[in-house]
file start.tsv (TSV, C-alpha atoms)
chain	number	residue	atom	x	y	z
A	4	MET	CA	76.57	11.62	3.33
A	5	ALA	CA	74.65	9.15	1.28
A	6	VAL	CA	76.01	8.94	-2.21
A	7	MET	CA	73.94	6.89	-4.62
A	8	GLN	CA	75.46	3.59	-5.63
A	9	GLY	CA	76.43	2.62	-9.15
A	10	ILE	CA	76.89	6.15	-10.42
A	11	ASN	CA	79.94	7.02	-12.52
A	12	PRO	CA	81.50	10.39	-11.79
A	13	THR	CA	81.15	11.78	-15.29
A	14	ARG	CA	79.86	15.05	-16.68
A	15	MET	CA	76.98	13.24	-18.38
A	16	GLU	CA	75.88	11.79	-15.07
A	17	LEU	CA	76.29	15.14	-13.37
A	18	SER	CA	73.99	16.98	-15.72
A	19	ARG	CA	71.49	14.11	-15.59
A	20	LEU	CA	71.42	14.24	-11.78
A	21	LYS	CA	71.06	18.01	-11.77
A	22	LYS	CA	67.99	17.67	-13.95
A	23	ARG	CA	66.61	15.03	-11.62
A	24	LEU	CA	67.21	17.28	-8.63
A	25	VAL	CA	65.26	20.11	-10.23
A	26	THR	CA	62.36	17.74	-10.91
A	27	ALA	CA	62.48	16.33	-7.40
A	28	VAL	CA	62.44	19.78	-5.80
A	29	ARG	CA	59.56	20.84	-7.96
A	30	GLY	CA	57.66	17.63	-7.24
A	31	HIS	CA	58.29	18.05	-3.55
A	32	LYS	CA	56.83	21.52	-3.56
A	33	LEU	CA	53.76	20.45	-5.50
A	34	LEU	CA	53.14	17.43	-3.30
A	35	LYS	CA	53.55	19.53	-0.20
A	36	ASP	CA	50.93	21.95	-1.47
A	37	LYS	CA	48.67	19.03	-2.28
A	38	ARG	CA	49.11	17.60	1.18
A	39	ASP	CA	48.33	20.91	2.87
A	40	ASP	CA	45.22	21.46	0.81
A	41	LEU	CA	44.01	17.90	1.30
A	42	MET	CA	44.53	18.31	5.00
A	43	LYS	CA	42.47	21.48	5.06
A	44	LYS	CA	39.61	19.80	3.21
A	45	PHE	CA	39.89	16.70	5.34
A	46	LEU	CA	39.72	18.54	8.64
A	47	GLU	CA	36.68	20.49	7.51
A	48	LEU	CA	34.99	17.29	6.43
A	49	VAL	CA	35.86	15.27	9.48
A	50	ARG	CA	34.69	17.95	11.86
A	51	ARG	CA	31.27	17.98	10.22
A	52	ASN	CA	31.38	14.20	10.09
A	53	LYS	CA	31.81	14.01	13.83
A	54	GLU	CA	28.88	16.32	14.52
A	55	LEU	CA	26.64	14.53	12.07
A	56	ARG	CA	27.53	11.14	13.47
A	57	GLU	CA	26.68	12.20	16.98
A	58	ALA	CA	23.34	13.57	15.80
A	59	VAL	CA	22.49	10.51	13.73
A	60	GLU	CA	23.45	8.08	16.48
A	61	GLU	CA	21.19	9.90	18.88
A	62	LYS	CA	18.30	9.85	16.43
A	63	ILE	CA	18.74	6.17	15.67
A	64	MET	CA	18.65	5.39	19.38
A	65	ASP	CA	15.37	7.32	19.66
A	66	VAL	CA	13.93	5.24	16.86
A	67	TYR	CA	15.09	2.05	18.52
A	68	SER	CA	13.38	2.94	21.75
A	69	GLY	CA	10.19	3.60	19.77
A	70	PHE	CA	10.45	0.17	18.23
A	71	ASP	CA	11.10	-1.29	21.66
A	72	ILE	CA	7.86	0.12	22.97
A	73	ALA	CA	6.02	-1.09	19.88
A	74	ALA	CA	7.52	-4.55	20.34
A	75	ALA	CA	6.43	-4.55	23.96
A	76	VAL	CA	2.82	-3.73	23.08
A	77	MET	CA	2.54	-6.03	20.09
A	78	SER	CA	3.46	-9.66	19.73
A	79	GLU	CA	6.74	-10.35	18.03
A	80	ALA	CA	5.04	-12.17	15.19
A	81	ALA	CA	2.66	-9.29	14.58
A	82	LEU	CA	5.52	-6.82	14.50
A	83	LYS	CA	7.47	-8.92	12.03
A	84	GLU	CA	4.44	-9.40	9.90
A	85	ALA	CA	3.69	-5.68	9.85
A	86	LEU	CA	7.16	-4.82	8.59
A	87	LEU	CA	7.80	-7.87	6.49
A	88	LEU	CA	6.89	-6.55	3.08
A	89	PRO	CA	8.09	-3.02	2.53
A	90	LYS	CA	6.09	-0.98	0.08
A	91	ASN	CA	8.77	1.64	-0.15
A	92	ARG	CA	11.74	1.03	-2.43
A	93	VAL	CA	14.82	3.10	-1.92
A	94	SER	CA	17.10	3.28	-4.90
A	95	LEU	CA	20.56	4.68	-4.60
A	96	GLU	CA	22.43	6.56	-7.24
A	97	ILE	CA	26.20	6.75	-6.87
A	98	SER	CA	28.15	9.44	-8.64
A	99	SER	CA	31.55	10.72	-7.78
A	100	LYS	CA	33.19	14.02	-7.05
A	101	ASN	CA	36.83	14.79	-7.54
A	102	ILE	CA	38.46	16.35	-4.47
A	103	MET	CA	42.14	16.99	-5.25
A	104	SER	CA	42.21	13.97	-7.57
A	105	VAL	CA	40.57	11.75	-4.98
A	106	GLU	CA	37.38	10.20	-6.30
A	107	THR	CA	34.84	10.57	-3.52
A	108	PRO	CA	31.33	9.19	-3.78
A	109	ILE	CA	28.15	11.19	-3.84
A	110	PHE	CA	25.04	9.33	-2.79
A	111	THR	CA	21.68	10.48	-3.97
A	112	PHE	CA	18.62	8.44	-3.28
A	113	SER	CA	15.07	8.39	-4.37
A	114	ASP	CA	12.25	6.45	-2.84
A	115	SER	CA	9.12	5.35	-4.49
A	116	SER	CA	6.54	6.45	-2.00
A	117	SER	CA	5.34	9.64	-0.40
A	118	SER	CA	5.22	9.91	3.36
A	119	GLU	CA	1.47	9.13	3.58
A	120	ASP	CA	2.06	5.95	1.68
A	121	LEU	CA	4.77	4.71	4.00
A	122	PHE	CA	2.92	2.20	6.13
A	123	THR	CA	2.68	-1.36	4.97
A	124	TYR	CA	0.14	-2.46	7.51
A	125	GLY	CA	-3.36	-1.77	8.64
A	126	PHE	CA	-3.65	0.45	11.66
A	127	SER	CA	-6.11	-1.77	13.47
A	128	ASP	CA	-3.71	-4.33	14.88
A	129	THR	CA	-0.51	-2.34	15.25
A	130	SER	CA	0.45	0.15	17.90
A	131	GLY	CA	0.82	3.87	17.40
A	132	GLU	CA	4.45	3.80	18.51
A	133	LEU	CA	5.27	1.71	15.47
A	134	ASP	CA	3.84	4.35	13.11
A	135	ALA	CA	5.82	7.07	14.83
A	136	SER	CA	9.06	5.06	14.72
A	137	VAL	CA	8.75	4.17	11.07
A	138	ALA	CA	8.00	7.78	10.19
A	139	ALA	CA	10.94	8.98	12.29
A	140	LEU	CA	13.25	6.49	10.63
A	141	LYS	CA	12.20	7.75	7.23
A	142	ILE	CA	13.04	11.28	8.28
A	143	ILE	CA	16.57	10.35	9.33
A	144	THR	CA	17.31	8.41	6.14
A	145	PRO	CA	18.78	11.40	4.28
A	146	TYR	CA	21.00	12.14	7.27
A	147	MET	CA	22.24	8.58	7.30
A	148	LEU	CA	23.12	8.80	3.62
A	149	GLU	CA	24.90	12.08	4.15
A	150	LEU	CA	26.81	10.48	6.99
A	151	ALA	CA	27.75	7.54	4.79
A	152	GLN	CA	28.96	9.86	2.07
A	153	MET	CA	30.96	12.00	4.46
A	154	GLU	CA	32.52	9.12	6.29
A	155	LYS	CA	33.55	7.33	3.13
A	156	SER	CA	35.01	10.55	1.73
A	157	ALA	CA	36.92	11.10	4.96
A	158	GLN	CA	38.36	7.58	4.77
A	159	LEU	CA	39.43	8.04	1.17
A	160	LEU	CA	40.95	11.44	1.88
A	161	ALA	CA	42.79	10.04	4.88
A	162	GLN	CA	44.29	7.35	2.69
A	163	GLU	CA	45.36	9.89	0.08
A	164	ILE	CA	46.86	12.18	2.70
A	165	GLU	CA	48.83	9.30	4.17
A	166	LYS	CA	50.16	8.41	0.73
A	167	THR	CA	51.03	12.00	-0.13
A	168	ARG	CA	52.73	12.55	3.20
A	169	ARG	CA	54.92	9.52	2.65
A	170	ARG	CA	55.90	10.77	-0.76
A	171	VAL	CA	56.69	14.24	0.56
A	172	ASN	CA	58.83	12.74	3.32
A	173	ALA	CA	60.60	10.37	0.96
A	174	LEU	CA	61.47	13.26	-1.33
A	175	GLU	CA	62.40	15.63	1.45
A	176	TYR	CA	64.52	13.33	3.59
A	177	VAL	CA	65.83	10.72	1.17
A	178	GLN	CA	65.65	11.55	-2.50
A	179	ILE	CA	66.63	15.22	-2.48
A	180	PRO	CA	69.53	14.91	0.04
A	181	ASP	CA	70.83	11.86	-1.84
A	182	LEU	CA	70.76	13.73	-5.12
A	183	ARG	CA	72.51	16.74	-3.58
A	184	ASP	CA	75.20	14.55	-2.03
A	185	THR	CA	75.79	12.66	-5.23
A	186	ILE	CA	76.02	15.83	-7.26
A	187	LYS	CA	78.52	17.20	-4.77
A	188	TYR	CA	80.49	13.94	-4.86
A	189	ILE	CA	80.66	13.95	-8.65
A	190	SER	CA	81.66	17.59	-8.96
A	191	MET	CA	84.36	17.11	-6.31
A	192	LYS	CA	85.63	14.06	-8.11
A	193	LEU	CA	85.70	15.95	-11.41
A	194	ASP	CA	87.52	18.88	-9.80
A	195	GLU	CA	89.99	16.48	-8.27
A	196	ASN	CA	90.65	14.94	-11.70
A	197	GLU	CA	91.06	18.43	-13.12
A	198	ARG	CA	93.62	19.35	-10.47
A	199	GLY	CA	95.41	16.04	-10.96
A	200	ASN	CA	95.60	16.70	-14.67
A	201	LEU	CA	96.82	20.26	-14.16
A	202	SER	CA	99.61	19.31	-11.76
A	203	ARG	CA	100.69	16.52	-14.08
A	204	LEU	CA	100.92	18.97	-16.97
A	205	MET	CA	102.90	21.41	-14.84
A	206	LYS	CA	105.26	18.64	-13.78
A	207	ILE	CA	105.77	17.54	-17.38
A	208	LYS	CA	106.36	21.12	-18.44
A	209	ASP	CA	109.01	21.47	-15.73
A	210	MET	CA	110.66	18.26	-16.89
A	211	MET	CA	110.63	19.42	-20.52
A	212	ILE	CA	112.13	22.78	-19.62
A	213	ALA	CA	114.84	21.06	-17.56
A	214	GLU	CA	115.64	18.78	-20.49
A	215	ALA	CA	115.77	21.67	-22.96
A	216	ARG	CA	118.23	23.54	-20.69
A	217	LYS	CA	120.41	20.46	-20.42
A	218	LYS	CA	120.60	20.29	-24.23
A	219	ASP	CA	121.43	24.01	-24.53
A	220	ALA	CA	124.19	23.76	-21.97
B	30	MET	CA	25.57	4.16	-11.23
B	31	LYS	CA	22.56	2.50	-9.66
B	32	SER	CA	23.02	0.72	-6.40
B	33	LYS	CA	21.26	-0.40	-3.26
B	34	ILE	CA	21.46	0.13	0.48
B	35	ALA	CA	21.85	-2.71	2.95
B	36	VAL	CA	21.66	-2.90	6.72
B	37	ILE	CA	23.40	-5.73	8.55
B	38	GLY	CA	22.86	-6.52	12.19
B	39	ASP	CA	20.86	-8.56	14.62
B	40	ASN	CA	17.20	-9.05	13.80
B	41	GLU	CA	15.82	-6.69	16.38
B	42	SER	CA	18.03	-3.80	15.34
B	43	VAL	CA	17.48	-3.99	11.61
B	44	ILE	CA	13.77	-4.75	11.43
B	45	GLY	CA	12.80	-1.08	11.38
B	46	PHE	CA	15.03	-0.34	8.42
B	47	LYS	CA	13.18	-2.89	6.38
B	48	ALA	CA	10.05	-0.77	6.64
B	49	ILE	CA	11.67	2.20	4.92
B	50	GLY	CA	12.93	0.15	2.02
B	51	PHE	CA	16.50	-0.80	2.92
B	52	ASP	CA	17.48	-4.42	2.41
B	53	THR	CA	18.23	-5.99	5.76
B	54	PHE	CA	20.38	-8.97	6.59
B	55	SER	CA	21.12	-10.76	9.83
B	56	PRO	CA	23.92	-13.25	10.45
B	57	GLU	CA	22.75	-16.80	11.08
B	58	ASP	CA	24.31	-16.99	14.51
B	59	ASP	CA	26.56	-15.00	16.83
B	60	SER	CA	29.88	-16.28	15.51
B	61	PRO	CA	32.23	-13.87	13.71
B	62	GLU	CA	32.49	-16.37	10.83
B	63	SER	CA	28.86	-16.16	9.84
B	64	ALA	CA	28.94	-12.36	10.10
B	65	LYS	CA	32.01	-12.25	7.87
B	66	LYS	CA	30.47	-14.59	5.35
B	67	LEU	CA	27.35	-12.48	5.18
B	68	LEU	CA	29.26	-9.24	4.76
B	69	ARG	CA	31.40	-10.71	1.99
B	70	THR	CA	28.36	-11.71	-0.02
B	71	VAL	CA	26.57	-8.42	0.57
B	72	ALA	CA	29.62	-6.23	-0.17
B	73	ASN	CA	29.57	-6.92	-3.90
B	74	ASP	CA	25.98	-5.91	-4.52
B	75	TYR	CA	25.46	-2.84	-2.39
B	76	GLY	CA	26.72	0.73	-2.49
B	77	ILE	CA	26.17	1.56	1.15
B	78	ILE	CA	26.16	-0.98	3.92
B	79	PHE	CA	25.16	0.12	7.38
B	80	VAL	CA	26.48	-2.31	9.94
B	81	THR	CA	25.53	-2.34	13.61
B	82	GLU	CA	28.48	-1.78	15.88
B	83	GLN	CA	28.22	-5.27	17.35
B	84	THR	CA	28.56	-6.85	13.93
B	85	PHE	CA	31.08	-4.24	12.84
B	86	SER	CA	33.55	-5.24	15.55
B	87	LYS	CA	33.29	-8.88	14.50
B	88	THR	CA	34.03	-8.20	10.86
B	89	SER	CA	36.73	-5.55	11.13
B	90	GLU	CA	39.18	-7.47	8.92
B	91	ILE	CA	36.79	-7.48	5.98
B	92	ILE	CA	35.80	-3.88	6.54
B	93	GLU	CA	39.46	-2.89	6.55
B	94	ARG	CA	39.76	-4.38	3.10
B	95	TYR	CA	37.02	-2.16	1.67
B	96	LYS	CA	38.21	0.97	3.39
B	97	ASP	CA	40.35	2.23	0.51
B	98	ALA	CA	37.92	1.32	-2.25
B	99	PRO	CA	35.46	3.98	-3.39
B	100	TYR	CA	32.54	1.67	-2.63
B	101	PRO	CA	30.90	-0.02	-0.84
B	102	ALA	CA	30.81	2.48	2.00
B	103	ILE	CA	30.60	0.40	5.14
B	104	ILE	CA	29.28	2.61	7.91
B	105	PRO	CA	28.80	1.61	11.54
B	106	ILE	CA	25.51	2.51	13.20
B	107	PRO	CA	24.58	1.84	16.81
B	108	GLY	CA	22.74	-1.40	17.44
B	109	LYS	CA	19.90	-2.01	19.81
B	110	GLU	CA	22.29	-2.16	22.76
B	111	GLY	CA	23.21	1.49	22.35
B	112	PRO	CA	26.24	3.24	20.92
B	113	THR	CA	29.53	1.73	22.00
B	114	GLY	CA	31.60	4.63	20.72
B	115	LEU	CA	32.91	2.46	17.92
B	116	GLY	CA	31.44	4.71	15.25
B	117	LEU	CA	33.20	7.75	16.60
B	118	SER	CA	36.45	5.91	17.17
B	119	ASN	CA	36.27	4.92	13.53
B	120	VAL	CA	36.22	8.60	12.58
B	121	LYS	CA	39.05	9.13	15.04
B	122	HIS	CA	41.12	6.47	13.29
B	123	SER	CA	40.73	8.33	10.01
B	124	VAL	CA	42.02	11.48	11.67
B	125	GLU	CA	44.96	9.65	13.17
B	126	ARG	CA	45.76	8.09	9.85
B	127	ALA	CA	45.72	11.42	8.03
B	128	VAL	CA	47.24	13.74	10.59
B	129	GLY	CA	49.38	11.32	12.55
B	130	ALA	CA	47.84	12.39	15.83
B	131	ASP	CA	44.38	12.82	17.20
B	132	ILE	CA	43.69	16.53	17.06
B	133	LEU	CA	39.92	16.48	16.94
B	134	PHE	CA	38.78	14.54	19.95
B	135	ASN	CA	41.41	15.43	22.52
B	136	ASN	CA	41.33	11.96	24.05
B	137	GLN	CA	37.71	12.06	24.97
call {"tool": "encode", "arguments": {"input": "start.tsv", "output": "structure tokens"}}
result
Amino acid sequence: MAVMQGINPTRMELSRLKKRLVTAVRGHKLLKDKRDDLMKKFLELVRRNKELREAVEEKIMDVYSGFDIAAAVMSEAALKEALLLPKNRVSLEISSKNIMSVETPIFTFSDSSSSEDLFTYGFSDTSGELDASVAALKIITPYMLELAQMEKSAQLLAQEIEKTRRRVNALEYVQIPDLRDTIKYISMKLDENERGNLSRLMKIKDMMIAEARKKDA
Amino acid sequence: MKSKIAVIGDNESVIGFKAIGFDTFSPEDDSPESAKKLLRTVANDYGIIFVTEQTFSKTSEIIERYKDAPYPAIIPIPGKEGPTGLGLSNVKHSVERAVGADILFNNQ
């Protein structure tokens, strides 16, 4: 039994603790619901995250091998030169979405060029593999952004779940039992005082009666 | 809020991303210090930072620091050498952190 320290066994304290217990129980229930719902959302998200990551990783590796072939055909300097000055500008817009009071980011992007306008080099001294790789990379860009958004959201949700779980556990295994024990301790102490008082009164009454009889006799 | 996208990794891995309009950065040398320095400077100006797994493993302390902030989102991508599984294990860590056990990957 873990009774809280520094608490006086008084009626004031008792009613204060009872109020706190009600709040704690209510808070515990709410936090538990929050945790369960967060968990549901998180698992959904992370499952899709895993699939998307596998897909994106595979696609990126395809692009790399395209660039490898291009690099093999062209000189390194020519390849660098071809890609040195991008014509395309990607701008990113960050907004946020509230999932169970967790602010998660939403990434939307816009780029300045259409797909025909993508290439920053003349076709005469670059290889065809390079064109294909750059085009393929552009196609996977939205997937990469979606992956970034999902993964960041999953991280933030995981953090929130961890925090909520700790709070639930602290309430369930520390705060609420402590409050219950202390309430029990105080009410027992008060009852004990009550009994002590009662027996003292009875004893005094007995003594008074005995004295009154002595006087009468 | 307007922001930008960065890619950090070795020269050969990131060169393609330059063509589609991402800003690319490469550490000066192979040491973890230069990678960390680079990431620290980039982290303040960009909303999403894709980091190749090789660089990611060198800078994990810094990345850990940004994990609980809403941005930047620092996301590992495979480098030229191929996926090392670090990206997926990163997702796995999130699951372990939230659930307490790995229930999604079954120790793959």
call {"tool": "atom_distance", "arguments": {"input": "start.tsv", "atom1": "CA of Glu54 in chain A", "atom2": "CA of Met153 in chain A"}}
result
11.1 Å
call {"tool": "closest_atom_pairs", "arguments": {"input": "start.tsv", "of": "range 122-203 of chain A", "to": "range 56-76 of chain B", "cutoff": "12 Å", "atoms": "only C-alpha atoms", "output": "JSON lines"}}
result
{"residue": "A:Leu148", "atom": "CA", "partner": "B:Gly76", "partner_atom": "CA", "distance": 10.7}
{"residue": "A:Ala151", "atom": "CA", "partner": "B:Gly76", "partner_atom": "CA", "distance": 10.0}
{"residue": "A:Gln152", "atom": "CA", "partner": "B:Gly76", "partner_atom": "CA", "distance": 10.4}
{"residue": "A:Lys155", "atom": "CA", "partner": "B:Gly76", "partner_atom": "CA", "distance": 11.0}
call {"tool": "closest_residue", "arguments": {"input": "start.tsv", "among": "A:Lys83, A:Lys217, A:Lys206, A:Lys192", "to": "chain B", "atoms": "only C-alpha atoms"}}
result
A:Lys83
call {"tool": "closest_residue", "arguments": {"input": "start.tsv", "among": "B:Asp97, B:Asp39, B:Asp52, B:Glu90", "to": "chain A", "atoms": "all atoms listed in the file"}}
result
B:Asp97
call {"tool": "closest_residue", "arguments": {"input": "start.tsv", "among": "A:Ile63, A:Met77, A:Val177, A:Leu55", "to": "Val137 in chain A", "atoms": "all atoms listed in the file"}}
result
A:Ile63
call {"tool": "residues_around", "arguments": {"input": "start.tsv", "residues": "range 144-146 of chain A", "least_positions_apart": "4", "cutoff": "8 Å", "atoms": "only C-alpha atoms", "output": "list in words"}}
result
Leu55, Val59, Leu140 and Leu150 of chain A
call {"tool": "closest_atom_pairs", "arguments": {"input": "start.tsv", "of": "chain B", "to": "chain A", "cutoff": "8 Å", "atoms": "only C-alpha atoms", "output": "tab-separated table"}}
result
residue	atom	partner	partner_atom	distance
B:Met30	CA	A:Ile97	CA	5.1
B:Lys31	CA	A:Glu96	CA	4.7
B:Ser32	CA	A:Leu95	CA	5.0
B:Lys33	CA	A:Leu95	CA	5.3
B:Ile34	CA	A:Leu95	CA	6.9
B:Ser42	CA	A:Tyr67	CA	7.3
B:Ile44	CA	A:Leu86	CA	7.2
B:Gly45	CA	A:Val137	CA	6.6
B:Phe46	CA	A:Leu140	CA	7.4
B:Lys47	CA	A:Pro89	CA	6.4
B:Ala48	CA	A:Pro89	CA	5.1
B:Ile49	CA	A:Asn91	CA	5.9
B:Gly50	CA	A:Arg92	CA	4.7
B:Phe51	CA	A:Val93	CA	6.4
B:Gly76	CA	A:Ile97	CA	7.5
B:Ile77	CA	A:Ala151	CA	7.2
B:Lys96	CA	A:Gln158	CA	6.8
B:Asp97	CA	A:Leu159	CA	5.9
B:Ala98	CA	A:Leu159	CA	7.7
B:Pro99	CA	A:Thr107	CA	6.6
B:Tyr100	CA	A:Pro108	CA	7.7
B:Ala102	CA	A:Lys155	CA	5.7
B:Ile103	CA	A:Ala151	CA	7.7
B:Ile104	CA	A:Ala151	CA	6.0
B:Ile106	CA	A:Glu60	CA	6.8
B:Pro107	CA	A:Glu60	CA	6.4
B:Lys109	CA	A:Tyr67	CA	6.4
B:Gly111	CA	A:Met64	CA	6.7
B:Pro112	CA	A:Glu60	CA	7.1
B:Gly116	CA	A:Arg56	CA	7.7
B:Leu117	CA	A:Lys53	CA	7.0
B:Val120	CA	A:Lys53	CA	7.1
B:Ser123	CA	A:Ala161	CA	5.8
B:Val124	CA	A:Ala161	CA	7.0
B:Arg126	CA	A:Ala161	CA	6.1
B:Ala127	CA	A:Ala161	CA	4.5
B:Val128	CA	A:Met42	CA	7.7
B:Leu133	CA	A:Arg50	CA	7.4
call {"tool": "atom_distance", "arguments": {"input": "start.tsv", "atom1": "CA of Asn119 in chain B", "atom2": "CA of Glu41 in chain B"}}
result
23.7 Å
call {"tool": "closest_residue", "arguments": {"input": "start.tsv", "among": "B:Tyr95, B:Gly108, B:Lys87, B:Phe79", "to": "Asn40 in chain B", "atoms": "all atoms listed in the file"}}
result
B:Gly108
call {"tool": "atom_distance", "arguments": {"input": "start.tsv", "atom1": "CA of Ala35 in chain B", "atom2": "CA of Phe85 in chain B"}}
result
13.6 Å
call {"tool": "build_atoms", "arguments": {"input": "start.tsv", "residues": "range 83-108 of chain A", "atoms": "N, CA and C atoms", "output": "compact mmCIF listing (two decimals), keeping the file's coordinate frame"}}
result
# COMPACT_ATOMS: atom_id res chain seq x y z
N LYS A 83 6.74 -8.43 13.21
CA LYS A 83 7.47 -8.92 12.03
C LYS A 83 6.58 -8.88 10.80
N GLU A 84 5.37 -9.32 11.01
CA GLU A 84 4.44 -9.40 9.90
C GLU A 84 4.16 -8.00 9.35
N ALA A 85 4.01 -7.04 10.26
CA ALA A 85 3.69 -5.68 9.85
C ALA A 85 4.79 -5.09 8.98
N LEU A 86 6.04 -5.45 9.29
CA LEU A 86 7.16 -4.82 8.59
C LEU A 86 7.77 -5.72 7.52
N LEU A 87 7.16 -6.86 7.33
CA LEU A 87 7.80 -7.87 6.49
C LEU A 87 7.93 -7.44 5.03
N LEU A 88 6.88 -6.87 4.50
CA LEU A 88 6.89 -6.55 3.08
C LEU A 88 6.89 -5.04 2.86
N PRO A 89 8.05 -4.46 2.68
CA PRO A 89 8.09 -3.02 2.53
C PRO A 89 7.46 -2.57 1.21
N LYS A 90 6.72 -1.52 1.29
CA LYS A 90 6.09 -0.98 0.08
C LYS A 90 7.08 -0.01 -0.58
N ASN A 91 7.86 0.59 0.29
CA ASN A 91 8.77 1.64 -0.15
C ASN A 91 10.04 1.02 -0.73
N ARG A 92 10.46 1.49 -1.89
CA ARG A 92 11.74 1.03 -2.43
C ARG A 92 12.70 2.21 -2.45
N VAL A 93 13.82 2.04 -1.86
CA VAL A 93 14.82 3.10 -1.92
C VAL A 93 15.83 2.72 -2.99
N SER A 94 16.03 3.59 -3.95
CA SER A 94 17.10 3.28 -4.90
C SER A 94 18.19 4.32 -4.75
N LEU A 95 19.40 3.84 -4.88
CA LEU A 95 20.56 4.68 -4.60
C LEU A 95 21.29 4.96 -5.89
N GLU A 96 21.67 6.20 -6.05
CA GLU A 96 22.43 6.56 -7.24
C GLU A 96 23.82 7.02 -6.77
N ILE A 97 24.85 6.36 -7.28
CA ILE A 97 26.20 6.75 -6.87
C ILE A 97 26.87 7.52 -7.99
N SER A 98 27.30 8.73 -7.70
CA SER A 98 28.15 9.44 -8.64
C SER A 98 29.40 9.82 -7.86
N SER A 99 30.36 10.41 -8.55
CA SER A 99 31.55 10.72 -7.78
C SER A 99 32.00 12.16 -8.00
N LYS A 100 32.69 12.66 -7.00
CA LYS A 100 33.19 14.02 -7.05
C LYS A 100 34.70 13.95 -6.88
N ASN A 101 35.38 14.80 -7.59
CA ASN A 101 36.83 14.79 -7.54
C ASN A 101 37.33 15.85 -6.56
N ILE A 102 37.84 15.41 -5.42
CA ILE A 102 38.46 16.35 -4.47
C ILE A 102 39.96 16.14 -4.56
N MET A 103 40.68 17.09 -5.14
CA MET A 103 42.14 16.99 -5.25
C MET A 103 42.56 15.62 -5.81
N SER A 104 41.94 15.24 -6.88
CA SER A 104 42.21 13.97 -7.57
C SER A 104 41.89 12.74 -6.73
N VAL A 105 41.10 12.90 -5.69
CA VAL A 105 40.57 11.75 -4.98
C VAL A 105 39.11 11.60 -5.38
N GLU A 106 38.77 10.43 -5.90
CA GLU A 106 37.38 10.20 -6.30
C GLU A 106 36.56 9.91 -5.05
N THR A 107 35.68 10.83 -4.67
CA THR A 107 34.84 10.57 -3.52
C THR A 107 33.40 10.37 -3.99
N PRO A 108 32.69 9.48 -3.32
CA PRO A 108 31.33 9.19 -3.78
C PRO A 108 30.32 10.25 -3.38
